[in-house]
>>> print(open('final-v3.json').read())   # JSON, C-alpha atoms
[["chain", "number", "residue", "atom", "x", "y", "z"],
["S", 1, "MET", "CA", -24.64, -43.69, -105.10],
["S", 2, "ILE", "CA", -27.67, -44.52, -107.25],
["S", 3, "ALA", "CA", -28.92, -47.67, -105.54],
["S", 4, "PRO", "CA", -30.13, -46.46, -102.10],
["S", 5, "GLN", "CA", -32.19, -43.72, -103.79],
["S", 6, "LYS", "CA", -34.36, -46.41, -105.39],
["S", 7, "LYS", "CA", -36.75, -48.70, -103.55],
["S", 8, "LEU", "CA", -36.64, -52.50, -103.33],
["S", 9, "SER", "CA", -39.39, -55.09, -103.03],
["S", 10, "PHE", "CA", -39.27, -58.80, -102.23],
["S", 11, "GLU", "CA", -41.43, -61.77, -103.23],
["S", 12, "PHE", "CA", -42.27, -64.81, -101.10],
["S", 13, "PHE", "CA", -44.33, -67.91, -101.67],
["S", 14, "PRO", "CA", -46.80, -69.30, -99.11],
["S", 15, "THR", "CA", -45.64, -72.12, -96.86],
["S", 16, "ARG", "CA", -47.67, -75.13, -95.71],
["S", 17, "THR", "CA", -46.16, -75.77, -92.28],
["S", 18, "PRO", "CA", -45.74, -73.85, -89.00],
["S", 19, "GLU", "CA", -41.97, -74.32, -89.37],
["S", 20, "GLY", "CA", -42.04, -72.78, -92.83],
["S", 21, "ARG", "CA", -44.08, -69.85, -91.59],
["S", 22, "ALA", "CA", -41.68, -69.23, -88.69],
["S", 23, "LYS", "CA", -38.68, -69.36, -91.06],
["S", 24, "GLN", "CA", -40.38, -66.94, -93.45],
["S", 25, "ILE", "CA", -40.98, -64.46, -90.63],
["S", 26, "ILE", "CA", -37.25, -64.54, -89.80],
["S", 27, "THR", "CA", -36.34, -64.13, -93.50],
["S", 28, "ARG", "CA", -38.60, -61.10, -93.85],
["S", 29, "LYS", "CA", -37.12, -59.57, -90.70],
["S", 30, "GLN", "CA", -33.66, -59.89, -92.26],
["S", 31, "LEU", "CA", -34.82, -58.24, -95.49],
["S", 32, "SER", "CA", -36.85, -55.49, -93.81],
["S", 33, "GLN", "CA", -33.57, -53.72, -92.98],
["S", 34, "TYR", "CA", -33.48, -52.62, -96.66],
["S", 35, "ASN", "CA", -36.63, -50.53, -96.17],
["S", 36, "PRO", "CA", -38.70, -52.37, -98.80],
["S", 37, "GLU", "CA", -41.55, -50.69, -100.61],
["S", 38, "PHE", "CA", -43.55, -53.90, -100.14],
["S", 39, "PHE", "CA", -43.37, -57.66, -99.66],
["S", 40, "SER", "CA", -45.43, -59.67, -102.16],
["S", 41, "CYS", "CA", -46.72, -63.22, -101.83],
["S", 42, "THR", "CA", -47.57, -65.56, -104.68],
["S", 43, "SER", "CA", -50.87, -67.40, -104.98],
["S", 44, "GLY", "CA", -51.56, -70.61, -106.88],
["S", 45, "ALA", "CA", -54.12, -70.53, -109.68],
["S", 46, "GLY", "CA", -57.55, -71.83, -108.79],
["S", 47, "GLY", "CA", -57.11, -70.92, -105.12],
["S", 48, "SER", "CA", -54.66, -73.76, -104.47],
["S", 49, "THR", "CA", -52.66, -71.71, -101.93],
["S", 50, "LYS", "CA", -55.33, -69.20, -100.88],
["S", 51, "GLU", "CA", -55.08, -69.93, -97.14],
["S", 52, "GLY", "CA", -51.28, -69.80, -97.16],
["S", 53, "THR", "CA", -51.26, -66.57, -99.13],
["S", 54, "MET", "CA", -53.78, -64.99, -96.77],
["S", 55, "GLN", "CA", -51.69, -66.05, -93.75],
["S", 56, "ALA", "CA", -48.52, -64.61, -95.25],
["S", 57, "ILE", "CA", -50.24, -61.31, -96.11],
["S", 58, "THR", "CA", -51.61, -61.11, -92.55],
["S", 59, "ASP", "CA", -48.12, -61.72, -91.12],
["S", 60, "ILE", "CA", -46.54, -59.09, -93.40],
["S", 61, "LEU", "CA", -49.09, -56.45, -92.41],
["S", 62, "ASN", "CA", -48.58, -57.31, -88.72],
["S", 63, "GLU", "CA", -44.85, -56.76, -89.25],
["S", 64, "GLY", "CA", -45.58, -53.19, -90.36],
["S", 65, "ILE", "CA", -44.66, -53.66, -94.03],
["S", 66, "ALA", "CA", -46.93, -52.99, -97.02],
["S", 67, "ALA", "CA", -48.21, -56.28, -98.45],
["S", 68, "ALA", "CA", -48.96, -57.10, -102.09],
["S", 69, "PRO", "CA", -50.86, -60.35, -102.66],
["S", 70, "HIS", "CA", -50.71, -61.98, -106.07],
["S", 71, "LEU", "CA", -54.21, -62.30, -107.50],
["S", 72, "PRO", "CA", -54.51, -64.83, -110.35],
["S", 73, "CYS", "CA", -57.86, -64.48, -112.11],
["S", 74, "ILE", "CA", -58.10, -67.44, -114.51],
["S", 75, "GLY", "CA", -61.41, -69.22, -114.00],
["S", 76, "GLU", "CA", -62.50, -66.92, -111.17],
["S", 77, "THR", "CA", -65.84, -65.11, -111.44],
["S", 78, "PRO", "CA", -66.06, -61.34, -110.90],
["S", 79, "GLU", "CA", -68.03, -62.03, -107.70],
["S", 80, "GLU", "CA", -65.30, -64.31, -106.31],
["S", 81, "ILE", "CA", -62.62, -61.77, -107.14],
["S", 82, "LYS", "CA", -64.56, -58.88, -105.56],
["S", 83, "GLU", "CA", -65.11, -60.94, -102.41],
["S", 84, "LEU", "CA", -61.36, -61.52, -102.11],
["S", 85, "LEU", "CA", -60.52, -57.89, -102.89],
["S", 86, "ASN", "CA", -63.01, -56.72, -100.24],
["S", 87, "THR", "CA", -61.28, -58.99, -97.72],
["S", 88, "TYR", "CA", -57.88, -57.55, -98.66],
["S", 89, "LYS", "CA", -59.27, -54.01, -98.45],
["S", 90, "ASP", "CA", -60.62, -54.70, -94.94],
["S", 91, "MET", "CA", -57.17, -56.01, -93.96],
["S", 92, "GLY", "CA", -55.49, -52.81, -95.09],
["S", 93, "VAL", "CA", -53.91, -54.06, -98.33],
["S", 94, "ARG", "CA", -53.36, -51.26, -100.88],
["S", 95, "HIS", "CA", -51.24, -53.11, -103.44],
["S", 96, "ILE", "CA", -52.33, -55.97, -105.77],
["S", 97, "VAL", "CA", -50.27, -58.00, -108.26],
["S", 98, "ALA", "CA", -52.89, -58.71, -110.94],
["S", 99, "LEU", "CA", -52.18, -61.85, -112.98],
["S", 100, "ARG", "CA", -53.86, -64.23, -115.35],
["S", 101, "GLY", "CA", -52.29, -67.16, -113.52],
["S", 102, "ASP", "CA", -51.61, -70.69, -114.68],
["S", 103, "ILE", "CA", -54.56, -72.69, -115.95],
["S", 104, "PRO", "CA", -55.29, -75.29, -113.23],
["S", 105, "SER", "CA", -54.61, -78.84, -114.36],
["S", 106, "GLY", "CA", -57.68, -80.75, -115.52],
["S", 107, "VAL", "CA", -59.59, -77.59, -116.45],
["S", 108, "GLY", "CA", -60.76, -77.48, -120.05],
["S", 109, "VAL", "CA", -61.01, -74.64, -122.51],
["S", 110, "GLY", "CA", -64.68, -74.15, -121.67],
["S", 111, "MET", "CA", -64.00, -72.74, -118.19],
["S", 112, "SER", "CA", -66.13, -69.89, -116.95],
["S", 113, "GLY", "CA", -64.90, -66.73, -115.24],
["S", 114, "LEU", "CA", -62.17, -64.29, -116.21],
["S", 115, "ARG", "CA", -59.57, -65.37, -118.75],
["S", 116, "TYR", "CA", -57.05, -62.54, -119.08],
["S", 117, "ALA", "CA", -55.18, -60.17, -116.78],
["S", 118, "ASN", "CA", -56.44, -57.05, -118.58],
["S", 119, "GLU", "CA", -59.99, -58.10, -117.59],
["S", 120, "LEU", "CA", -58.88, -58.30, -113.96],
["S", 121, "VAL", "CA", -57.21, -54.87, -114.13],
["S", 122, "GLU", "CA", -60.41, -53.39, -115.62],
["S", 123, "LEU", "CA", -62.52, -54.99, -112.87],
["S", 124, "ILE", "CA", -60.30, -53.61, -110.09],
["S", 125, "LYS", "CA", -60.26, -50.12, -111.59],
["S", 126, "ASN", "CA", -64.01, -50.08, -112.23],
["S", 127, "GLU", "CA", -64.89, -51.33, -108.73],
["S", 128, "TYR", "CA", -62.24, -49.69, -106.56],
["S", 129, "GLY", "CA", -60.93, -46.71, -108.53],
["S", 130, "ASP", "CA", -57.45, -45.78, -107.35],
["S", 131, "TYR", "CA", -57.71, -47.51, -103.97],
["S", 132, "PHE", "CA", -55.39, -50.36, -105.02],
["S", 133, "HIS", "CA", -52.02, -49.87, -106.68],
["S", 134, "ILE", "CA", -52.09, -52.47, -109.47],
["S", 135, "GLU", "CA", -48.95, -54.28, -110.59],
["S", 136, "VAL", "CA", -49.00, -56.48, -113.70],
["S", 137, "ALA", "CA", -46.47, -58.93, -115.11],
["S", 138, "ALA", "CA", -44.05, -58.13, -117.95],
["S", 139, "TYR", "CA", -41.93, -60.51, -120.02],
["S", 140, "PRO", "CA", -38.82, -58.91, -121.55],
["S", 141, "GLU", "CA", -37.99, -62.24, -123.25],
["S", 142, "TYR", "CA", -41.69, -62.79, -124.04],
["S", 143, "HIS", "CA", -44.21, -65.10, -122.43],
["S", 144, "PRO", "CA", -43.56, -68.76, -123.31],
["S", 145, "GLN", "CA", -47.20, -69.19, -124.40],
["S", 146, "SER", "CA", -47.32, -66.08, -126.60],
["S", 147, "ARG", "CA", -47.75, -66.62, -130.32],
["S", 148, "SER", "CA", -45.14, -64.00, -131.20],
["S", 149, "ALA", "CA", -43.11, -61.16, -129.72],
["S", 150, "GLU", "CA", -45.57, -58.68, -131.23],
["S", 151, "ASP", "CA", -48.54, -60.52, -129.73],
["S", 152, "ASP", "CA", -46.91, -60.49, -126.29],
["S", 153, "LEU", "CA", -46.17, -56.76, -126.47],
["S", 154, "ASN", "CA", -49.78, -56.11, -127.45],
["S", 155, "ASN", "CA", -50.99, -58.17, -124.48],
["S", 156, "PHE", "CA", -48.85, -56.10, -122.15],
["S", 157, "VAL", "CA", -50.09, -52.83, -123.63],
["S", 158, "ARG", "CA", -53.70, -53.98, -123.09],
["S", 159, "LYS", "CA", -52.99, -54.61, -119.39],
["S", 160, "ALA", "CA", -51.25, -51.27, -118.98],
["S", 161, "LYS", "CA", -53.99, -49.30, -120.74],
["S", 162, "ALA", "CA", -56.66, -51.11, -118.72],
["S", 163, "GLY", "CA", -55.33, -49.22, -115.70],
["S", 164, "ALA", "CA", -52.16, -50.88, -114.36],
["S", 165, "ASP", "CA", -50.01, -48.57, -112.26],
["S", 166, "SER", "CA", -46.71, -50.40, -112.74],
["S", 167, "ALA", "CA", -45.26, -53.74, -113.83],
["S", 168, "ILE", "CA", -42.80, -56.33, -112.53],
["S", 169, "THR", "CA", -40.85, -58.38, -115.04],
["S", 170, "GLN", "CA", -40.09, -62.07, -115.21],
["S", 171, "TYR", "CA", -36.47, -62.58, -114.16],
["S", 172, "PHE", "CA", -33.77, -62.34, -116.83],
["S", 173, "TYR", "CA", -29.98, -62.24, -117.11],
["S", 174, "ASN", "CA", -29.73, -60.11, -120.24],
["S", 175, "PRO", "CA", -30.35, -56.47, -119.33],
["S", 176, "ASP", "CA", -30.50, -55.52, -123.02],
["S", 177, "ALA", "CA", -33.76, -57.51, -123.24],
["S", 178, "TYR", "CA", -35.21, -55.37, -120.44],
["S", 179, "PHE", "CA", -34.19, -52.06, -121.99],
["S", 180, "ARG", "CA", -35.47, -53.13, -125.41],
["S", 181, "PHE", "CA", -38.82, -54.14, -123.86],
["S", 182, "VAL", "CA", -39.15, -50.77, -122.11],
["S", 183, "ASP", "CA", -38.37, -48.95, -125.36],
["S", 184, "ASP", "CA", -40.88, -51.07, -127.29],
["S", 185, "VAL", "CA", -43.78, -50.47, -124.90],
["S", 186, "GLN", "CA", -42.98, -46.76, -124.59],
["S", 187, "GLY", "CA", -43.17, -46.66, -128.39],
["S", 188, "ARG", "CA", -46.72, -47.95, -128.02],
["S", 189, "GLY", "CA", -47.69, -45.14, -125.66],
["S", 190, "VAL", "CA", -47.14, -46.94, -122.33],
["S", 191, "ASP", "CA", -44.99, -45.18, -119.74],
["S", 192, "ILE", "CA", -45.81, -46.94, -116.45],
["S", 193, "PRO", "CA", -42.78, -47.94, -114.34],
["S", 194, "ILE", "CA", -41.45, -51.38, -115.33],
["S", 195, "ILE", "CA", -39.54, -52.93, -112.43],
["S", 196, "PRO", "CA", -36.94, -55.61, -113.19],
["S", 197, "GLY", "CA", -37.51, -58.93, -111.44],
["S", 198, "ILE", "CA", -34.23, -60.30, -110.08],
["S", 199, "MET", "CA", -33.54, -63.99, -109.39],
["S", 200, "PRO", "CA", -30.35, -64.76, -107.42],
["S", 201, "ILE", "CA", -28.71, -68.02, -108.48],
["S", 202, "ALA", "CA", -28.20, -70.61, -105.75],
["S", 203, "SER", "CA", -28.27, -73.78, -107.84],
["S", 204, "PHE", "CA", -27.73, -74.16, -111.57],
["S", 205, "SER", "CA", -29.96, -77.24, -111.84],
["S", 206, "LYS", "CA", -32.88, -75.46, -110.14],
["S", 207, "LEU", "CA", -32.36, -72.35, -112.24],
["S", 208, "ALA", "CA", -32.32, -74.40, -115.46],
["S", 209, "ARG", "CA", -35.54, -76.11, -114.43],
["S", 210, "PHE", "CA", -37.27, -72.81, -113.64],
["S", 211, "SER", "CA", -36.03, -71.21, -116.84],
["S", 212, "ASP", "CA", -37.17, -74.07, -119.08],
["S", 213, "THR", "CA", -40.66, -73.70, -117.60],
["S", 214, "CYS", "CA", -41.04, -69.91, -117.67],
["S", 215, "GLY", "CA", -39.09, -69.06, -120.81],
["S", 216, "ALA", "CA", -36.36, -66.98, -119.13],
["S", 217, "GLU", "CA", -33.11, -67.36, -121.04],
["S", 218, "ILE", "CA", -29.81, -68.21, -119.38],
["S", 219, "PRO", "CA", -27.11, -66.69, -121.65],
["S", 220, "ARG", "CA", -25.03, -69.43, -123.22],
["S", 221, "TRP", "CA", -21.76, -68.26, -121.70],
["S", 222, "LEU", "CA", -23.31, -68.21, -118.22],
["S", 223, "ARG", "CA", -24.99, -71.60, -118.66],
["S", 224, "LEU", "CA", -21.72, -73.23, -119.80],
["S", 225, "LYS", "CA", -19.69, -71.56, -117.06],
["S", 226, "LEU", "CA", -22.11, -72.66, -114.33],
["S", 227, "GLN", "CA", -22.25, -76.19, -115.79],
["S", 228, "SER", "CA", -18.47, -76.38, -115.75],
["S", 229, "TYR", "CA", -18.46, -75.95, -111.96],
["S", 230, "ALA", "CA", -20.57, -79.13, -111.53],
["S", 231, "ASP", "CA", -21.09, -79.54, -107.76],
["S", 232, "ASP", "CA", -18.65, -76.77, -106.75],
["S", 233, "THR", "CA", -21.32, -74.71, -105.00],
["S", 234, "ALA", "CA", -18.84, -72.09, -103.75],
["S", 235, "SER", "CA", -17.71, -71.26, -107.30],
["S", 236, "ILE", "CA", -21.31, -71.21, -108.56],
["S", 237, "LYS", "CA", -22.31, -68.84, -105.76],
["S", 238, "ALA", "CA", -19.31, -66.53, -106.32],
["S", 239, "LEU", "CA", -19.86, -66.22, -110.07],
["S", 240, "ALA", "CA", -23.61, -65.87, -109.72],
["S", 241, "LEU", "CA", -23.33, -63.11, -107.12],
["S", 242, "ASP", "CA", -20.94, -61.16, -109.36],
["S", 243, "VAL", "CA", -23.14, -61.58, -112.45],
["S", 244, "VAL", "CA", -26.42, -60.65, -110.76],
["S", 245, "THR", "CA", -24.93, -57.73, -108.81],
["S", 246, "GLU", "CA", -23.31, -56.26, -111.94],
["S", 247, "MET", "CA", -26.61, -56.61, -113.79],
["S", 248, "CYS", "CA", -28.48, -54.82, -110.98],
["S", 249, "GLU", "CA", -25.91, -52.01, -110.98],
["S", 250, "ARG", "CA", -26.39, -51.50, -114.71],
["S", 251, "LEU", "CA", -30.18, -51.63, -114.47],
["S", 252, "LEU", "CA", -30.26, -48.99, -111.75],
["S", 253, "ARG", "CA", -27.61, -46.84, -113.43],
["S", 254, "GLU", "CA", -29.44, -46.83, -116.76],
["S", 255, "GLY", "CA", -32.90, -46.02, -115.50],
["S", 256, "ALA", "CA", -34.71, -48.96, -113.88],
["S", 257, "PRO", "CA", -37.11, -47.44, -111.32],
["S", 258, "SER", "CA", -36.43, -50.05, -108.60],
["S", 259, "LEU", "CA", -35.70, -53.78, -108.18],
["S", 260, "HIS", "CA", -37.98, -56.67, -107.22],
["S", 261, "PHE", "CA", -36.25, -59.76, -105.82],
["S", 262, "TYR", "CA", -37.60, -63.30, -106.16],
["S", 263, "THR", "CA", -36.35, -64.54, -102.79],
["S", 264, "LEU", "CA", -37.54, -68.18, -102.89],
["S", 265, "ASN", "CA", -38.07, -67.56, -99.15],
["S", 266, "GLN", "CA", -34.31, -67.20, -98.57],
["S", 267, "ALA", "CA", -32.52, -64.06, -97.36],
["S", 268, "GLY", "CA", -28.83, -64.89, -97.81],
["S", 269, "LEU", "CA", -28.06, -64.23, -101.48],
["S", 270, "VAL", "CA", -30.59, -61.42, -101.78],
["S", 271, "SER", "CA", -29.14, -59.69, -98.73],
["S", 272, "THR", "CA", -25.58, -59.99, -100.08],
["S", 273, "ILE", "CA", -26.60, -58.44, -103.40],
["S", 274, "CYS", "CA", -28.43, -55.59, -101.65],
["S", 275, "GLN", "CA", -25.38, -54.86, -99.51],
["S", 276, "ARG", "CA", -23.09, -54.91, -102.55],
["S", 277, "LEU", "CA", -25.41, -52.39, -104.22],
["S", 278, "GLY", "CA", -25.04, -50.07, -101.23],
["S", 279, "TYR", "CA", -28.39, -50.59, -99.49]]
>>> encode(input="final-v3.json", output="structure tokens")
Amino acid sequence: MIAPQKKLSFEFFPTRTPEGRAKQIITRKQLSQYNPEFFSCTSGAGGSTKEGTMQAITDILNEGIAAAPHLPCIGETPEEIKELLNTYKDMGVRHIVALRGDIPSGVGVGMSGLRYANELVELIKNEYGDYFHIEVAAYPEYHPQSRSAEDDLNNFVRKAKAGADSAITQYFYNPDAYFRFVDDVQGRGVDIPIIPGIMPIASFSKLARFSDTCGAEIPRWLRLKLQSYADDTASIKALALDVVTEMCERLLREGAPSLHFYTLNQAGLVSTICQRLGY
């Protein structure tokens, strides 16, 4: 079986309450049975969740799992970024998800500090060499703020050639978009591993909201089918599990190096998919 030969990783977001933290610890314990390569934790642009991210990374390391903090760089000075990276290094972090990040609301175009993810990758490589494994983001269906598909591919190539070790994609439900993206960047001389980001579907309304914001496309047939179930959550869950599992099987079978799950701090659907894949 292909699946268990390939590693998994899981993403969490920081919580603001002791109850949320306790629940997240239980969720990670459930997912640790799949021998993850790492657990990552998101971080809001402008340091909006810095404390929560740091707490989650500390917890993950204490649980004996490799931790990968997201590091958004927009508006941050090189000194601020190096201070944070030194803290992570002292904690034992070896894995960084290097991102531009969302522009904080109320910040104008004249902001100081870093502006692009390739600048962050260059900084990490120049200052720390190969100490950190650097992940960057990839967009098989193209970043919603990119001027064109070509422009987005060029942005990705810049990040990769700046020294990224691998990439994690935005979630998608059309595997052909992933394979086309991989072919396109390989044609531009980039051969780093590109790991598909997988989003289980728990609620159509939430998924539609996420997708409208981040530019991930819900195939028309899937959108209409999920809409037709209305509030029938059991039917939505059953269809969604089949669709996402089948997509994961194809991705692994046709060459994806591993899978990265966007858990939304929930273990149930992710765990079911992993079990169906044979993990």
>>> atom_distance(input="final-v3.json", atom1="CA of Leu264 in chain S", atom2="CA of Ile194 in chain S")
21.3 Å
>>> atom_distance(input="final-v3.json", atom1="CA of Ser40 in chain S", atom2="CA of Pro69 in chain S")
5.5 Å
>>> residues_around(input="final-v3.json", residues="Ala137 in chain S", least_positions_apart="3", cutoff="12 Å", atoms="only C-alpha atoms", output="ChimeraX atom specification")
/S:70-72,96-101,116-118,121,134,140,142-143,152-153,155-160,164-171,193-197,260
>>> write_last_selection(input="final-v3.json", atoms="C-alpha atoms", output="mmCIF file, in the coordinates of the input")
data_model
loop_
_atom_site.group_PDB
_atom_site.id
_atom_site.type_symbol
_atom_site.label_atom_id
_atom_site.label_comp_id
_atom_site.auth_asym_id
_atom_site.auth_seq_id
_atom_site.Cartn_x
_atom_site.Cartn_y
_atom_site.Cartn_z
ATOM 1 C CA HIS S 70 -50.710 -61.980 -106.070
ATOM 2 C CA LEU S 71 -54.210 -62.300 -107.500
ATOM 3 C CA PRO S 72 -54.510 -64.830 -110.350
ATOM 4 C CA ILE S 96 -52.330 -55.970 -105.770
ATOM 5 C CA VAL S 97 -50.270 -58.000 -108.260
ATOM 6 C CA ALA S 98 -52.890 -58.710 -110.940
ATOM 7 C CA LEU S 99 -52.180 -61.850 -112.980
ATOM 8 C CA ARG S 100 -53.860 -64.230 -115.350
ATOM 9 C CA GLY S 101 -52.290 -67.160 -113.520
ATOM 10 C CA TYR S 116 -57.050 -62.540 -119.080
ATOM 11 C CA ALA S 117 -55.180 -60.170 -116.780
ATOM 12 C CA ASN S 118 -56.440 -57.050 -118.580
ATOM 13 C CA VAL S 121 -57.210 -54.870 -114.130
ATOM 14 C CA ILE S 134 -52.090 -52.470 -109.470
ATOM 15 C CA PRO S 140 -38.820 -58.910 -121.550
ATOM 16 C CA TYR S 142 -41.690 -62.790 -124.040
ATOM 17 C CA HIS S 143 -44.210 -65.100 -122.430
ATOM 18 C CA ASP S 152 -46.910 -60.490 -126.290
ATOM 19 C CA LEU S 153 -46.170 -56.760 -126.470
ATOM 20 C CA ASN S 155 -50.990 -58.170 -124.480
ATOM 21 C CA PHE S 156 -48.850 -56.100 -122.150
ATOM 22 C CA VAL S 157 -50.090 -52.830 -123.630
ATOM 23 C CA ARG S 158 -53.700 -53.980 -123.090
ATOM 24 C CA LYS S 159 -52.990 -54.610 -119.390
ATOM 25 C CA ALA S 160 -51.250 -51.270 -118.980
ATOM 26 C CA ALA S 164 -52.160 -50.880 -114.360
ATOM 27 C CA ASP S 165 -50.010 -48.570 -112.260
ATOM 28 C CA SER S 166 -46.710 -50.400 -112.740
ATOM 29 C CA ALA S 167 -45.260 -53.740 -113.830
ATOM 30 C CA ILE S 168 -42.800 -56.330 -112.530
ATOM 31 C CA THR S 169 -40.850 -58.380 -115.040
ATOM 32 C CA GLN S 170 -40.090 -62.070 -115.210
ATOM 33 C CA TYR S 171 -36.470 -62.580 -114.160
ATOM 34 C CA PRO S 193 -42.780 -47.940 -114.340
ATOM 35 C CA ILE S 194 -41.450 -51.380 -115.330
ATOM 36 C CA ILE S 195 -39.540 -52.930 -112.430
ATOM 37 C CA PRO S 196 -36.940 -55.610 -113.190
ATOM 38 C CA GLY S 197 -37.510 -58.930 -111.440
ATOM 39 C CA HIS S 260 -37.980 -56.670 -107.220
#
>>> residues_around(input="final-v3.json", residues="Leu226 in chain S", least_positions_apart="4", cutoff="7 Å", atoms="all atoms listed in the file", output="list in words")
Phe204, Leu222 and Ile236 of chain S
>>> atom_distance(input="final-v3.json", atom1="CA of Arg250 in chain S", atom2="CA of Ser205 in chain S")
26.1 Å
>>> residues_around(input="final-v3.json", residues="Gln275 in chain S", least_positions_apart="6", cutoff="12 Å", atoms="only C-alpha atoms", output="ChimeraX atom specification")
/S:3-4,31,33-34,241,245,248-249,267-269
>>> closest_residue(input="final-v3.json", among="S:Phe210, S:Tyr128, S:Phe38, S:Phe13", to="Ser258 in chain S", atoms="only C-alpha atoms")
S:Phe38
>>> residues_around(input="final-v3.json", residues="Leu207 in chain S", least_positions_apart="3", cutoff="12 Å", atoms="only C-alpha atoms", output="short mmCIF file (atom, residue, chain, number, x, y, z; two decimals) with C-alpha atoms, keeping the file's coordinate frame")
data_model
loop_
_atom_site.label_atom_id
_atom_site.label_comp_id
_atom_site.auth_asym_id
_atom_site.auth_seq_id
_atom_site.Cartn_x
_atom_site.Cartn_y
_atom_site.Cartn_z
CA TYR S 171 -36.47 -62.58 -114.16
CA PHE S 172 -33.77 -62.34 -116.83
CA TYR S 173 -29.98 -62.24 -117.11
CA MET S 199 -33.54 -63.99 -109.39
CA PRO S 200 -30.35 -64.76 -107.42
CA ILE S 201 -28.71 -68.02 -108.48
CA ALA S 202 -28.20 -70.61 -105.75
CA SER S 203 -28.27 -73.78 -107.84
CA PHE S 204 -27.73 -74.16 -111.57
CA PHE S 210 -37.27 -72.81 -113.64
CA SER S 211 -36.03 -71.21 -116.84
CA ASP S 212 -37.17 -74.07 -119.08
CA THR S 213 -40.66 -73.70 -117.60
CA CYS S 214 -41.04 -69.91 -117.67
CA GLY S 215 -39.09 -69.06 -120.81
CA ALA S 216 -36.36 -66.98 -119.13
CA GLU S 217 -33.11 -67.36 -121.04
CA ILE S 218 -29.81 -68.21 -119.38
CA LEU S 222 -23.31 -68.21 -118.22
CA ARG S 223 -24.99 -71.60 -118.66
CA LEU S 226 -22.11 -72.66 -114.33
CA GLN S 227 -22.25 -76.19 -115.79
CA ILE S 236 -21.31 -71.21 -108.56
CA ALA S 240 -23.61 -65.87 -109.72
CA LEU S 264 -37.54 -68.18 -102.89
#
>>> closest_residue(input="final-v3.json", among="S:Asp242, S:Lys237, S:Cys274, S:Met247", to="Ser32 in chain S", atoms="all atoms listed in the file")
S:Cys274
>>> closest_residue(input="final-v3.json", among="S:Glu141, S:Asp183, S:Glu37, S:Asp191", to="Leu8 in chain S", atoms="all atoms listed in the file")
S:Glu37
>>> closest_residue(input="final-v3.json", among="S:Arg21, S:Arg28, S:Arg147, S:Arg16", to="Val270 in chain S", atoms="all atoms listed in the file")
S:Arg28
>>> residues_around(input="final-v3.json", residues="Gln55 in chain S", least_positions_apart="5", cutoff="9 Å", atoms="all atoms listed in the file", output="compact mmCIF listing (two decimals) with C-alpha atoms, keeping the file's coordinate frame")
# COMPACT_ATOMS: atom_id res chain seq x y z
CA PRO S 14 -46.80 -69.30 -99.11
CA ARG S 21 -44.08 -69.85 -91.59
CA LYS S 50 -55.33 -69.20 -100.88
CA ILE S 60 -46.54 -59.09 -93.40
>>> closest_residue(input="final-v3.json", among="S:Trp221, S:Leu252, S:Tyr279, S:Met91", to="Pro36 in chain S", atoms="all atoms listed in the file")
S:Tyr279
>>> closest_residue(input="final-v3.json", among="S:Gly44, S:Pro144, S:Pro219, S:Gly255", to="Thr15 in chain S", atoms="all atoms listed in the file")
S:Gly44
>>> axis_aligned_box(input="final-v3.json", around="range 159-169 of chain S", padding_each_side="6 Å", output="JSON")
{"center_x": -48.8, "center_y": -53.5, "center_z": -116.5, "size_x": 27.8, "size_y": 21.8, "size_z": 20.5}
